[in-house]
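*Asks:* Contents are PDB, C-alpha atoms; file name protein03.pdb:
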```pdb
ATOM      1  CA  LYS A   1     -16.629  -5.512   4.803
ATOM      2  CA  ALA A   2     -15.056  -8.957   5.136
ATOM      3  CA  SER A   3     -13.460 -11.029   7.866
ATOM      4  CA  GLY A   4     -10.861 -12.175   5.304
ATOM      5  CA  ASN A   5      -9.540 -10.770   2.037
ATOM      6  CA  ILE A   6     -11.102  -8.239  -0.322
ATOM      7  CA  ALA A   7     -10.209  -8.397  -4.019
ATOM      8  CA  GLN A   8     -11.325  -6.147  -6.853
ATOM      9  CA  ALA A   9     -10.993  -8.035 -10.113
ATOM     10  CA  ALA A  10      -9.023  -6.749 -13.073
ATOM     11  CA  ASP A  11     -10.740  -4.121 -15.243
ATOM     12  CA  VAL A  12     -13.617  -3.690 -12.757
ATOM     13  CA  ASP A  13     -14.734  -0.135 -11.883
ATOM     14  CA  VAL A  14     -16.325   0.940  -8.599
ATOM     15  CA  THR A  15     -17.758   4.458  -8.938
ATOM     16  CA  THR A  16     -19.917   6.856  -6.939
ATOM     17  CA  THR A  17     -21.131  10.404  -7.474
ATOM     18  CA  GLY A  18     -19.866  11.809  -4.195
ATOM     19  CA  GLY A  19     -20.453   8.811  -1.944
ATOM     20  CA  ASP A  20     -17.678   7.234   0.097
ATOM     21  CA  VAL A  21     -16.109   3.882  -0.778
ATOM     22  CA  THR A  22     -14.812   1.770   2.127
ATOM     23  CA  TYR A  23     -12.979  -1.541   1.818
ATOM     24  CA  TRP A  24     -12.793  -3.105   5.315
ATOM     25  CA  SER A  25     -10.926  -6.408   5.476
ATOM     26  CA  ASP A  26      -9.842  -8.603   8.406
ATOM     27  CA  SER A  27     -12.846  -7.424  10.433
ATOM     28  CA  ASP A  28     -12.329 -10.330  12.849
ATOM     29  CA  ALA A  29      -8.839  -8.942  13.631
ATOM     30  CA  SER A  30      -7.115 -12.267  12.913
ATOM     31  CA  SER A  31      -4.283 -10.543  10.984
ATOM     32  CA  GLN A  32      -5.355 -12.427   7.847
ATOM     33  CA  GLY A  33      -7.273 -10.235   5.461
ATOM     34  CA  ASN A  34      -5.668  -8.168   2.734
ATOM     35  CA  ILE A  35      -6.975  -5.829   0.028
ATOM     36  CA  TYR A  36      -5.949  -6.419  -3.575
ATOM     37  CA  LEU A  37      -6.739  -4.381  -6.700
ATOM     38  CA  ALA A  38      -5.793  -6.686  -9.554
ATOM     39  CA  ALA A  39      -3.794  -5.369 -12.480
ATOM     40  CA  GLY A  40      -5.856  -3.822 -15.236
ATOM     41  CA  THR A  41      -4.687  -2.741 -18.673
ATOM     42  CA  SER A  42      -3.735   0.621 -20.112
ATOM     43  CA  THR A  43      -7.084   0.795 -21.928
ATOM     44  CA  ASN A  44      -9.219  -0.732 -19.177
ATOM     45  CA  THR A  45      -7.975   0.107 -15.698
ATOM     46  CA  THR A  46      -9.090  -1.311 -12.369
ATOM     47  CA  THR A  47     -10.648   1.789 -10.814
ATOM     48  CA  VAL A  48     -12.230   3.238  -7.692
ATOM     49  CA  ALA A  49     -13.593   6.731  -8.387
ATOM     50  CA  THR A  50     -15.838   8.776  -6.081
ATOM     51  CA  SER A  51     -16.167  12.311  -7.545
ATOM     52  CA  GLY A  52     -15.523  13.865  -4.138
ATOM     53  CA  GLY A  53     -16.341  11.023  -1.769
ATOM     54  CA  ASN A  54     -13.703   9.557   0.521
ATOM     55  CA  ILE A  55     -11.850   6.328  -0.247
ATOM     56  CA  ILE A  56     -10.853   4.221   2.768
ATOM     57  CA  MET A  57      -9.000   0.903   2.636
ATOM     58  CA  SER A  58      -8.093  -0.593   6.010
ATOM     59  CA  GLY A  59      -8.996  -3.442   8.329
ATOM     60  CA  GLY A  60      -9.149  -4.926  11.781
ATOM     61  CA  SER A  61     -11.735  -4.279  14.459
ATOM     62  CA  ASN A  62     -11.328  -0.508  14.009
ATOM     63  CA  ILE A  63     -10.460   0.774  10.547
ATOM     64  CA  ASP A  64      -9.278   4.104  11.925
ATOM     65  CA  THR A  65      -6.409   2.422  13.773
ATOM     66  CA  GLY A  66      -6.216  -1.087  12.294
ATOM     67  CA  TYR A  67      -4.850  -2.483   9.054
ATOM     68  CA  ALA A  68      -5.665  -4.669   6.112
ATOM     69  CA  TYR A  69      -3.289  -7.578   6.754
ATOM     70  CA  GLY A  70      -1.102  -9.567   4.395
ATOM     71  CA  TYR A  71       0.038 -13.038   5.441
ATOM     72  CA  GLY A  72       1.339 -16.398   4.308
ATOM     73  CA  THR A  73       3.407 -17.166   1.202
ATOM     74  CA  SER A  74       1.170 -16.260  -1.747
ATOM     75  CA  TYR A  75       1.964 -13.184  -3.874
ATOM     76  CA  VAL A  76      -1.713 -12.272  -3.830
ATOM     77  CA  ASN A  77      -1.908 -12.457  -0.028
ATOM     78  CA  GLN A  78       1.526 -11.396   1.225
ATOM     79  CA  HIS A  79       1.011  -7.615   0.984
ATOM     80  CA  GLY A  80      -1.457  -5.863   3.269
ATOM     81  CA  ILE A  81      -2.780  -3.569   0.523
ATOM     82  CA  ASN A  82      -1.683  -4.175  -3.059
ATOM     83  CA  ILE A  83      -2.633  -1.562  -5.674
ATOM     84  CA  ASP A  84      -1.306  -3.227  -8.809
ATOM     85  CA  THR A  85      -0.442  -2.174 -12.373
ATOM     86  CA  ASP A  86      -3.019  -0.029 -14.227
ATOM     87  CA  SER A  87      -5.178   0.463 -11.128
ATOM     88  CA  THR A  88      -6.388   3.915 -10.100
ATOM     89  CA  LEU A  89      -7.927   5.523  -7.021
ATOM     90  CA  ARG A  90      -9.573   8.866  -7.833
ATOM     91  CA  ALA A  91     -11.342  10.742  -5.042
ATOM     92  CA  GLY A  92     -11.564  14.206  -6.604
ATOM     93  CA  THR A  93     -11.589  16.556  -3.607
ATOM     94  CA  GLY A  94     -12.278  13.656  -1.238
ATOM     95  CA  SER A  95      -9.659  12.071   0.979
ATOM     96  CA  VAL A  96      -7.849   8.788   0.410
ATOM     97  CA  THR A  97      -6.760   6.683   3.409
ATOM     98  CA  LEU A  98      -4.803   3.450   2.921
ATOM     99  CA  ARG A  99      -3.656   1.382   5.929
ATOM    100  CA  GLY A 100      -1.872  -1.914   5.279
ATOM    101  CA  ALA A 101       0.319  -4.279   7.298
ATOM    102  CA  THR A 102       1.818  -7.724   6.779
ATOM    103  CA  THR A 103       3.032 -10.667   8.824
ATOM    104  CA  ALA A 104       4.197 -12.682   5.800
ATOM    105  CA  SER A 105       7.456 -14.632   5.703
ATOM    106  CA  THR A 106       8.439 -15.399   2.114
ATOM    107  CA  ASN A 107      11.401 -15.262  -0.256
ATOM    108  CA  ASP A 108       9.960 -12.235  -2.058
ATOM    109  CA  TYR A 109       9.552  -8.542  -1.366
ATOM    110  CA  ILE A 110       6.978  -8.122   1.425
ATOM    111  CA  ILE A 111       5.138  -4.817   1.756
ATOM    112  CA  GLY A 112       2.544  -3.522   4.185
ATOM    113  CA  LEU A 113       1.188  -0.983   1.678
ATOM    114  CA  ARG A 114       2.186  -1.511  -1.962
ATOM    115  CA  VAL A 115       1.279   1.060  -4.644
ATOM    116  CA  SER A 116       3.173  -0.210  -7.644
ATOM    117  CA  GLY A 117       3.250  -0.376 -11.404
ATOM    118  CA  THR A 118       2.887   1.481 -14.653
ATOM    119  CA  GLY A 119      -0.480   3.196 -14.890
ATOM    120  CA  VAL A 120      -1.088   3.203 -11.127
ATOM    121  CA  SER A 121      -2.289   6.515  -9.703
ATOM    122  CA  VAL A 122      -3.774   7.738  -6.433
ATOM    123  CA  SER A 123      -5.339  11.199  -6.397
ATOM    124  CA  GLY A 124      -7.563  13.188  -4.064
ATOM    125  CA  GLY A 125      -7.601  15.951  -1.478
ATOM    126  CA  ASN A 126      -5.929  14.840   1.757
ATOM    127  CA  LEU A 127      -3.989  11.604   1.307
ATOM    128  CA  SER A 128      -2.841   9.255   4.069
ATOM    129  CA  PHE A 129      -0.664   6.187   3.496
ATOM    130  CA  VAL A 130       0.300   3.933   6.430
ATOM    131  CA  GLY A 131       2.217   0.680   6.010
ATOM    132  CA  ASN A 132       3.631  -1.660   8.636
ATOM    133  CA  ALA A 133       5.879  -4.666   7.998
ATOM    134  CA  SER A 134       7.403  -4.815  11.465
ATOM    135  CA  THR A 135       6.759  -8.563  11.924
ATOM    136  CA  ALA A 136       7.418  -9.629   8.308
ATOM    137  CA  VAL A 137      10.578 -11.393   7.099
ATOM    138  CA  SER A 138      11.903 -11.538   3.536
ATOM    139  CA  GLN A 139      13.815 -14.809   3.562
ATOM    140  CA  LEU A 140      16.097 -13.979   0.606
ATOM    141  CA  ASN A 141      16.925 -10.524   1.957
ATOM    142  CA  ARG A 142      14.940  -8.721  -0.711
ATOM    143  CA  GLY A 143      13.221  -6.537   1.837
ATOM    144  CA  ALA A 144      10.259  -6.118   4.158
ATOM    145  CA  TRP A 145       8.968  -2.612   3.508
ATOM    146  CA  GLY A 146       6.317  -0.619   5.321
ATOM    147  CA  THR A 147       5.044   1.635   2.519
ATOM    148  CA  ALA A 148       6.279   1.477  -1.081
ATOM    149  CA  ILE A 149       5.187   3.747  -3.944
ATOM    150  CA  ILE A 150       7.229   2.328  -6.805
ATOM    151  CA  ASN A 151       7.584   1.138 -10.402
ATOM    152  CA  GLY A 152       5.818   4.029 -12.152
ATOM    153  CA  ALA A 153       3.021   4.704  -9.654
ATOM    154  CA  SER A 154       2.031   8.341  -9.077
ATOM    155  CA  VAL A 155       0.447  10.135  -6.121
ATOM    156  CA  THR A 156      -1.216  13.560  -6.362
ATOM    157  CA  GLY A 157      -3.008  15.391  -3.561
ATOM    158  CA  SER A 158      -4.535  18.864  -3.370
ATOM    159  CA  GLY A 159      -4.393  18.844   0.463
ATOM    160  CA  THR A 160      -2.001  17.279   2.939
ATOM    161  CA  ILE A 161      -0.075  14.149   2.017
ATOM    162  CA  ASP A 162       1.082  11.924   4.882
ATOM    163  CA  ILE A 163       3.215   8.841   4.198
ATOM    164  CA  THR A 164       4.232   6.604   7.107
ATOM    165  CA  GLY A 165       5.980   3.245   7.090
ATOM    166  CA  THR A 166       7.685   0.747   9.392
ATOM    167  CA  GLY A 167      10.072  -1.842   7.965
ATOM    168  CA  GLY A 168      10.432  -5.458   9.061
ATOM    169  CA  GLY A 169      13.100  -8.130   8.896
ATOM    170  CA  ASN A 170      15.042 -10.303  11.320
ATOM    171  CA  THR A 171      18.487 -10.267  12.903
ATOM    172  CA  SER A 172      20.478 -10.886   9.717
ATOM    173  CA  SER A 173      18.294  -9.274   7.070
ATOM    174  CA  GLY A 174      18.675  -6.002   5.188
ATOM    175  CA  ASN A 175      16.861  -3.762   2.700
ATOM    176  CA  ASN A 176      14.065  -3.237   5.213
ATOM    177  CA  TYR A 177      12.790   0.242   4.411
ATOM    178  CA  GLY A 178      10.106   2.044   6.354
ATOM    179  CA  VAL A 179       9.119   4.138   3.321
ATOM    180  CA  LEU A 180      10.419   3.549  -0.221
ATOM    181  CA  LEU A 181       9.607   5.992  -3.025
ATOM    182  CA  TRP A 182      10.689   5.474  -6.623
ATOM    183  CA  ASN A 183       8.283   7.943  -8.123
ATOM    184  CA  PRO A 184       7.022  11.507  -7.694
ATOM    185  CA  VAL A 185       4.634  12.446  -4.908
ATOM    186  CA  THR A 186       3.014  15.721  -5.997
ATOM    187  CA  GLY A 187       1.150  18.240  -3.895
ATOM    188  CA  THR A 188      -1.007  20.578  -5.993
ATOM    189  CA  GLY A 189      -2.301  22.686  -3.098
ATOM    190  CA  SER A 190      -0.889  24.381  -0.018
ATOM    191  CA  GLY A 191      -0.920  21.321   2.237
ATOM    192  CA  ALA A 192       2.270  19.848   3.668
ATOM    193  CA  VAL A 193       3.868  16.616   2.499
ATOM    194  CA  THR A 194       5.046  14.593   5.512
ATOM    195  CA  ILE A 195       7.095  11.379   5.301
ATOM    196  CA  THR A 196       7.795   9.372   8.460
ATOM    197  CA  GLY A 197       9.777   6.157   8.133
ATOM    198  CA  THR A 198      11.158   3.661  10.637
ATOM    199  CA  GLY A 199      13.700   1.172   9.318
ATOM    200  CA  GLY A 200      13.313  -2.481  10.095
ATOM    201  CA  GLY A 201      15.476  -4.789  12.131
ATOM    202  CA  GLY A 202      18.528  -6.679  11.018
ATOM    203  CA  THR A 203      22.251  -6.158  10.637
ATOM    204  CA  GLY A 204      22.212  -6.241   6.848
ATOM    205  CA  SER A 205      22.808  -3.217   4.642
ATOM    206  CA  ASN A 206      20.287  -0.660   3.378
ATOM    207  CA  THR A 207      17.869  -0.675   6.281
ATOM    208  CA  TYR A 208      16.610   2.901   6.210
ATOM    209  CA  GLY A 209      13.598   4.690   7.603
ATOM    210  CA  TYR A 210      13.124   6.451   4.272
ATOM    211  CA  ARG A 211      14.673   5.929   0.866
ATOM    212  CA  ASP A 212      13.984   7.959  -2.256
ATOM    213  CA  TRP A 213      15.292   5.648  -4.943
ATOM    214  CA  GLU A 214      15.222   7.384  -8.315
TER     215      GLU A 214
END
```
Can you give me the file's structure in the form of structure tokens?

*Replies:*
Amino acid sequence: KASGNIAQAADVDVTTTGGDVTYWSDSDASSQGNIYLAAGTSTNTTTVATSGGNIIMSGGSNIDTGYAYGYGTSYVNQHGINIDTDSTLRAGTGSVTLRGATTASTNDYIIGLRVSGTGVSVSGGNLSFVGNASTAVSQLNRGAWGTAIINGASVTGSGTIDITGTGGGNTSSGNNYGVLLWNPVTGTGSGAVTITGTGGGGTGSNTYGYRDWE
């Protein structure tokens, strides 16, 4: 638990034998406290594995309703939750809950919940992804996205899979997706897969609640 950011360094593993793992950032509710899993390598991933315990990454005064918050202009800080290349979350039969938001205003892509890169995987029982970029602005019109699962990342759940996102932007911006998927989301059980996206503001093109971009 931290009042600011939480970072897991590259190639570091956090493991339990059935215990829960909780990353709770921005506990002072200042909207400045993100969660970052640094890029590992194909032979030495950055990993959280619980063998059946729950994985929770969120923030604010109440992690059930709050968010880990991205802010500012730094790549490391601008996304609320950033699960980077060759990072894995493995909960076994446990649940995975990721809640990220961002208030950043930069000339890059800005994402509330970013799950992105070759070798990235999230797996467990029930999976919940919530991203909110409603107050973020991408100054070069690249996009302020709520939840993005992109660039080779994979998601597999044996229970329900819920993906929710709210895009950002300003009056003239575009490409502000609520939910953006470039990669498969796979349900291996009988649970439903639910995607709920709200496009961001702006009069530019390609502002969708949900885009499946293959």

*Asks:* Name the residues that the PyMOL selection byres ((chain A and resi 68-79) around 9) picks from the file above, as a PyMOL selection string, using the file's chain letters and numbers.

*Replies:* chain A and resi 4-5+24-27+29-36+38+57-60+63+66-67+80-82+98-114+136

*Asks:* I'd like to know which of A:Gly124, A:Gly200, A:Gly53, A:Gly40 is closest to Asp86 (chain A), using all atoms listed in the file.

*Replies:*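 Checking each candidate against Asp86 (chain A), we get A:Gly40 as the closest.
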
*Asks:* Selection in question (the file shown): the PyMOL selection byres ((chain A and resi 189) around 12). Which residues does it include, as a list in words?

*Replies:*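 Applied to this file, the PyMOL selection byres ((chain A and resi 189) around 12) returns Thr93, Gly124, Gly125, Asn126, Thr156, Gly157, Ser158, Gly159, Thr160, Ile161, Thr186, Gly187, Thr188, Ser190, Gly191, Ala192 and Val193 of chain A.
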
*Asks:* Smallest atom-to-atom distance to Ser95 (chain A): which of A:Thr22, A:Asn151, A:Thr65, A:Asn141, using all atoms listed in the file?

*Replies:*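 Answer, going by the shortest atom-to-atom distance: A:Thr22.
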
*Asks:* Would you work out the distance separating CA of Gly201 (chain A) from CA of Thr135 (chain A), expressed in Å to one decimal?

*Replies:* 9.5 Å

*Asks:* Could you tell me how far CA of Gly199 (chain A) sits from CA of Gln139 (chain A), in Å to one decimal place?

*Replies:*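 So the answer is 17.0 Å.
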
*Asks:* Decode the PyMOL selection byres ((chain A and resi 13) around 12) for the given file into explicit residues and return them as a PyMOL selection string.

*Replies:* chain A and resi 8-12+14-16+21+37-38+40+44-50+86-90

*Asks:* Find the residues near Thr85 (chain A): any atom within 8 Å, counting only C-alpha atoms, skip ones fewer than 6 places away on the same chain, and give them as an MDAnalysis selection string.

*Replies:* chainID A and resid 38:41 116:120

*Asks:* What is the distance between CA of Thr164 (chain A) and CA of Ala133 (chain A), in Å to one decimal?

*Replies:*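 That distance, rounded to one decimal, is 11.4 Å.
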
*Asks:* Just add N, CA, C and O atoms to region 48-69 of chain A and send it as a CSV table (one decimal), in the frame of the given file.

*Replies:*
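Dumped everything to selection_17.csv:
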```csv
chain,number,residue,atom,x,y,z
A,48,VAL,N,-11.3,2.7,-8.7
A,48,VAL,CA,-12.2,3.2,-7.7
A,48,VAL,C,-12.3,4.8,-7.9
A,48,VAL,O,-11.2,5.4,-7.7
A,49,ALA,N,-13.4,5.3,-8.1
A,49,ALA,CA,-13.6,6.7,-8.4
A,49,ALA,C,-14.8,7.2,-7.7
A,49,ALA,O,-15.9,6.6,-7.8
A,50,THR,N,-14.7,8.3,-6.9
A,50,THR,CA,-15.8,8.8,-6.1
A,50,THR,C,-16.4,10.2,-6.4
A,50,THR,O,-17.4,10.6,-5.8
A,51,SER,N,-15.7,11.0,-7.2
A,51,SER,CA,-16.2,12.3,-7.5
A,51,SER,C,-16.4,13.2,-6.3
A,51,SER,O,-17.4,13.9,-6.2
A,52,GLY,N,-15.4,13.1,-5.4
A,52,GLY,CA,-15.5,13.9,-4.1
A,52,GLY,C,-15.8,13.1,-2.9
A,52,GLY,O,-15.6,13.6,-1.8
A,53,GLY,N,-16.2,11.9,-3.0
A,53,GLY,CA,-16.3,11.0,-1.8
A,53,GLY,C,-15.0,10.5,-1.3
A,53,GLY,O,-14.0,10.6,-2.0
A,54,ASN,N,-14.9,10.1,-0.1
A,54,ASN,CA,-13.7,9.6,0.5
A,54,ASN,C,-13.5,8.1,0.1
A,54,ASN,O,-14.4,7.3,0.0
A,55,ILE,N,-12.2,7.7,0.0
A,55,ILE,CA,-11.8,6.3,-0.2
A,55,ILE,C,-11.1,5.9,1.0
A,55,ILE,O,-10.0,6.5,1.3
A,56,ILE,N,-11.5,4.8,1.6
A,56,ILE,CA,-10.9,4.2,2.8
A,56,ILE,C,-10.6,2.7,2.5
A,56,ILE,O,-11.5,2.0,2.2
A,57,MET,N,-9.4,2.3,2.7
A,57,MET,CA,-9.0,0.9,2.6
A,57,MET,C,-8.2,0.6,3.9
A,57,MET,O,-7.1,1.1,4.1
A,58,SER,N,-8.7,-0.3,4.7
A,58,SER,CA,-8.1,-0.6,6.0
A,58,SER,C,-8.7,-1.9,6.5
A,58,SER,O,-9.3,-2.6,5.8
A,59,GLY,N,-8.5,-2.2,7.8
A,59,GLY,CA,-9.0,-3.4,8.3
A,59,GLY,C,-8.9,-3.5,9.8
A,59,GLY,O,-8.6,-2.5,10.5
A,60,GLY,N,-9.2,-4.7,10.3
A,60,GLY,CA,-9.1,-4.9,11.8
A,60,GLY,C,-10.5,-4.6,12.4
A,60,GLY,O,-11.5,-4.3,11.8
A,61,SER,N,-10.5,-4.6,13.7
A,61,SER,CA,-11.7,-4.3,14.5
A,61,SER,C,-12.1,-2.8,14.4
A,61,SER,O,-13.3,-2.4,14.6
A,62,ASN,N,-11.1,-2.0,14.1
A,62,ASN,CA,-11.3,-0.5,14.0
A,62,ASN,C,-10.5,0.0,12.8
A,62,ASN,O,-9.3,0.0,12.9
A,63,ILE,N,-11.2,0.4,11.8
A,63,ILE,CA,-10.5,0.8,10.5
A,63,ILE,C,-9.7,2.1,10.7
A,63,ILE,O,-8.9,2.4,9.9
A,64,ASP,N,-10.0,2.9,11.7
A,64,ASP,CA,-9.3,4.1,11.9
A,64,ASP,C,-7.9,3.8,12.5
A,64,ASP,O,-7.0,4.6,12.2
A,65,THR,N,-7.7,2.7,13.2
A,65,THR,CA,-6.4,2.4,13.8
A,65,THR,C,-5.8,1.1,13.3
A,65,THR,O,-4.7,0.8,13.6
A,66,GLY,N,-6.7,0.2,12.7
A,66,GLY,CA,-6.2,-1.1,12.3
A,66,GLY,C,-5.6,-1.1,10.9
A,66,GLY,O,-5.4,0.0,10.3
A,67,TYR,N,-5.5,-2.3,10.4
A,67,TYR,CA,-4.8,-2.5,9.1
A,67,TYR,C,-5.5,-3.6,8.3
A,67,TYR,O,-6.0,-4.6,8.9
A,68,ALA,N,-5.5,-3.5,7.0
A,68,ALA,CA,-5.7,-4.7,6.1
A,68,ALA,C,-4.4,-5.5,6.2
A,68,ALA,O,-3.3,-4.9,6.1
A,69,TYR,N,-4.5,-6.8,6.4
A,69,TYR,CA,-3.3,-7.6,6.8
A,69,TYR,C,-2.9,-8.6,5.7
A,69,TYR,O,-3.7,-9.4,5.3
```
